[in-house]
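Everything below concerns the one structure shown next.
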Amino acid sequence: MLRYLETNGLVVPRRTAAGYRVYRDRELEQLRTLRLLRGRFGVELDELAFANRLRREPDLRAAVETWLAAAQGPATDWVEWEQRKHERLLLVA
């Protein structure tokens, strides 16, 4: 798990000259709050990695925001669609 966090830039400890990770107070606090975040909100590591990627890549962030806006559409669209579906079903019966 620690390698995954480091690879995805979520928790990046310093390294010694020999390559050993050195976890200081900042990294330890990140790990503590990560445990709380996962427990309280059920957030998975891959979701955090993707959220971090969204922060680093503005083009990706814009594309996701555009897709989400189009996918949500007006709040009543699904109600109207369901209404038309039921009307068609009643005509067939």
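Naming works like this for the structure tokens: A, B, ... for the chains as they're shown, residue 1 at the start of each chain, ligands 1 onward in shown order.
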**OP:** Enumerate, as a count of residues only, the complete set of residues in chain A that a backbone-based DSSP assignment places in strand (DSSP E or B).
**Re:** 4
Original post:
How would you write, as JSON, numbers by chain, the set of residues in chain A that DSSP gives as helix (DSSP H, G or I)?
Top reply: {"A": [2, 3, 4, 5, 6, 7, 25, 26, 27, 28, 29, 30, 31, 32, 33, 34, 35, 36, 37, 38, 39, 40, 41, 45, 46, 47, 48, 49, 50, 51, 52, 53, 54, 55, 56, 58, 59, 60, 61, 62, 63, 64, 65, 66, 67, 68, 69, 70, 71, 72, 77, 78, 79, 80, 81, 82, 83, 84, 85, 86, 87, 88, 89, 90, 91, 92]}
**OP:** Rounded to one decimal place, report the atom CA of A:Leu48-atom CA of A:Leu5 distance in Å.
**Re:** 9.4 Å
Original post:
What's the 12 Å shell around stretch 7-9 of chain A, counting only C-alpha atoms, without same-chain residues fewer than 6 positions away, as a PyMOL selection string?
Top reply: chain A and resi 1+27+30+45-56
May I have the residues from that selection written out with all heavy atoms, as a compact mmCIF listing (two decimals), in the first residue's frame?
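Output contents, as saved in result32.txt:
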# COMPACT_ATOMS: atom_id res chain seq x y z
N MET A 1 0.82 -1.18 0.00
CA MET A 1 0.00 0.00 0.00
C MET A 1 0.87 1.25 0.00
O MET A 1 0.57 2.21 -0.69
CB MET A 1 -0.92 0.00 1.22
CG MET A 1 -1.78 1.22 1.33
SD MET A 1 -2.95 1.05 2.68
CE MET A 1 -2.87 2.65 3.36
N GLU A 27 4.22 13.01 6.77
CA GLU A 27 3.77 11.79 6.11
C GLU A 27 2.95 10.91 7.06
O GLU A 27 1.96 10.31 6.65
CB GLU A 27 4.95 11.00 5.55
CG GLU A 27 5.65 11.67 4.39
CD GLU A 27 6.66 12.73 4.80
OE1 GLU A 27 7.09 12.72 5.97
OE2 GLU A 27 6.99 13.57 3.96
N GLN A 30 -0.44 12.35 7.23
CA GLN A 30 -1.16 12.02 6.00
C GLN A 30 -1.73 10.60 6.08
O GLN A 30 -2.86 10.36 5.68
CB GLN A 30 -0.24 12.14 4.78
CG GLN A 30 0.01 13.54 4.32
CD GLN A 30 0.92 13.53 3.11
OE1 GLN A 30 2.05 13.05 3.16
NE2 GLN A 30 0.42 14.05 2.01
N LEU A 45 -8.34 3.82 -2.41
CA LEU A 45 -7.07 4.41 -2.82
C LEU A 45 -7.05 4.81 -4.29
O LEU A 45 -6.51 5.86 -4.64
CB LEU A 45 -5.92 3.44 -2.53
CG LEU A 45 -5.66 3.14 -1.06
CD1 LEU A 45 -4.52 2.15 -0.93
CD2 LEU A 45 -5.38 4.40 -0.27
N ASP A 46 -7.66 3.99 -5.16
CA ASP A 46 -7.66 4.34 -6.57
C ASP A 46 -8.49 5.59 -6.83
O ASP A 46 -8.19 6.38 -7.73
CB ASP A 46 -8.14 3.17 -7.44
CG ASP A 46 -9.55 2.73 -7.13
OD1 ASP A 46 -10.02 2.94 -6.00
OD2 ASP A 46 -10.20 2.18 -8.03
N GLU A 47 -9.52 5.83 -6.02
CA GLU A 47 -10.32 7.04 -6.15
C GLU A 47 -9.50 8.27 -5.75
O GLU A 47 -9.57 9.32 -6.41
CB GLU A 47 -11.58 6.95 -5.29
CG GLU A 47 -12.54 5.88 -5.75
CD GLU A 47 -13.67 5.63 -4.77
OE1 GLU A 47 -13.43 5.64 -3.54
OE2 GLU A 47 -14.79 5.42 -5.25
N LEU A 48 -8.73 8.13 -4.69
CA LEU A 48 -7.86 9.23 -4.29
C LEU A 48 -6.79 9.49 -5.33
O LEU A 48 -6.47 10.65 -5.62
CB LEU A 48 -7.21 8.92 -2.94
CG LEU A 48 -8.10 9.06 -1.73
CD1 LEU A 48 -7.39 8.53 -0.49
CD2 LEU A 48 -8.51 10.50 -1.54
N ALA A 49 -6.25 8.44 -5.91
CA ALA A 49 -5.24 8.60 -6.95
C ALA A 49 -5.83 9.33 -8.15
O ALA A 49 -5.19 10.20 -8.74
CB ALA A 49 -4.68 7.24 -7.37
N PHE A 50 -7.08 8.99 -8.51
CA PHE A 50 -7.71 9.67 -9.64
C PHE A 50 -8.01 11.13 -9.29
O PHE A 50 -7.79 12.01 -10.13
CB PHE A 50 -9.00 8.96 -10.05
CG PHE A 50 -9.60 9.54 -11.29
CD1 PHE A 50 -9.00 9.37 -12.52
CD2 PHE A 50 -10.76 10.29 -11.22
CE1 PHE A 50 -9.54 9.92 -13.67
CE2 PHE A 50 -11.32 10.85 -12.36
CZ PHE A 50 -10.70 10.66 -13.59
N ALA A 51 -8.45 11.40 -8.07
CA ALA A 51 -8.69 12.78 -7.65
C ALA A 51 -7.39 13.59 -7.70
O ALA A 51 -7.38 14.74 -8.15
CB ALA A 51 -9.29 12.81 -6.25
N ASN A 52 -6.30 12.98 -7.30
CA ASN A 52 -5.00 13.64 -7.36
C ASN A 52 -4.60 13.91 -8.81
O ASN A 52 -4.07 14.96 -9.14
CB ASN A 52 -3.95 12.79 -6.65
CG ASN A 52 -2.67 13.54 -6.42
OD1 ASN A 52 -2.68 14.73 -6.14
ND2 ASN A 52 -1.56 12.83 -6.51
N ARG A 53 -4.90 12.95 -9.68
CA ARG A 53 -4.60 13.13 -11.11
C ARG A 53 -5.43 14.27 -11.69
O ARG A 53 -4.93 15.05 -12.51
CB ARG A 53 -4.90 11.82 -11.84
CG ARG A 53 -4.47 11.82 -13.26
CD ARG A 53 -4.65 10.47 -13.91
NE ARG A 53 -4.55 10.63 -15.35
CZ ARG A 53 -5.10 9.85 -16.23
NH1 ARG A 53 -5.80 8.80 -15.83
NH2 ARG A 53 -4.97 10.08 -17.51
N LEU A 54 -6.67 14.39 -11.26
CA LEU A 54 -7.51 15.50 -11.73
C LEU A 54 -6.91 16.85 -11.34
O LEU A 54 -7.00 17.82 -12.11
CB LEU A 54 -8.92 15.39 -11.15
CG LEU A 54 -9.82 14.32 -11.74
CD1 LEU A 54 -11.13 14.26 -10.97
CD2 LEU A 54 -10.09 14.57 -13.22
N ARG A 55 -6.29 16.90 -10.18
CA ARG A 55 -5.66 18.16 -9.74
C ARG A 55 -4.43 18.49 -10.57
O ARG A 55 -4.14 19.65 -10.80
CB ARG A 55 -5.26 18.05 -8.27
CG ARG A 55 -6.45 17.91 -7.34
CD ARG A 55 -6.02 17.77 -5.92
NE ARG A 55 -5.85 19.10 -5.37
CZ ARG A 55 -5.34 19.34 -4.19
NH1 ARG A 55 -4.93 18.34 -3.43
NH2 ARG A 55 -5.23 20.56 -3.74
N ARG A 56 -3.72 17.48 -11.04
CA ARG A 56 -2.48 17.69 -11.79
C ARG A 56 -2.71 17.92 -13.28
O ARG A 56 -1.85 18.50 -13.94
CB ARG A 56 -1.55 16.49 -11.63
CG ARG A 56 -0.94 16.32 -10.26
CD ARG A 56 0.15 15.23 -10.27
NE ARG A 56 -0.17 14.09 -11.08
CZ ARG A 56 -0.61 12.92 -10.65
NH1 ARG A 56 -0.79 12.72 -9.37
NH2 ARG A 56 -0.86 11.93 -11.47
Subject >> Contacts of A:Tyr23 at 12 Å (only C-alpha atoms; same-chain gap of 5+ positions) as a PyMOL selection string >> reply: chain A and resi 2+6+11-16+28-31
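When atom CA of A:Glu44 is paired with atom CA of A:Ala70, their separation reads 25.5 Å.
Taking atom CA of A:Arg38 and atom CA of A:Ala71 as endpoints, the distance between them is 26.8 Å.
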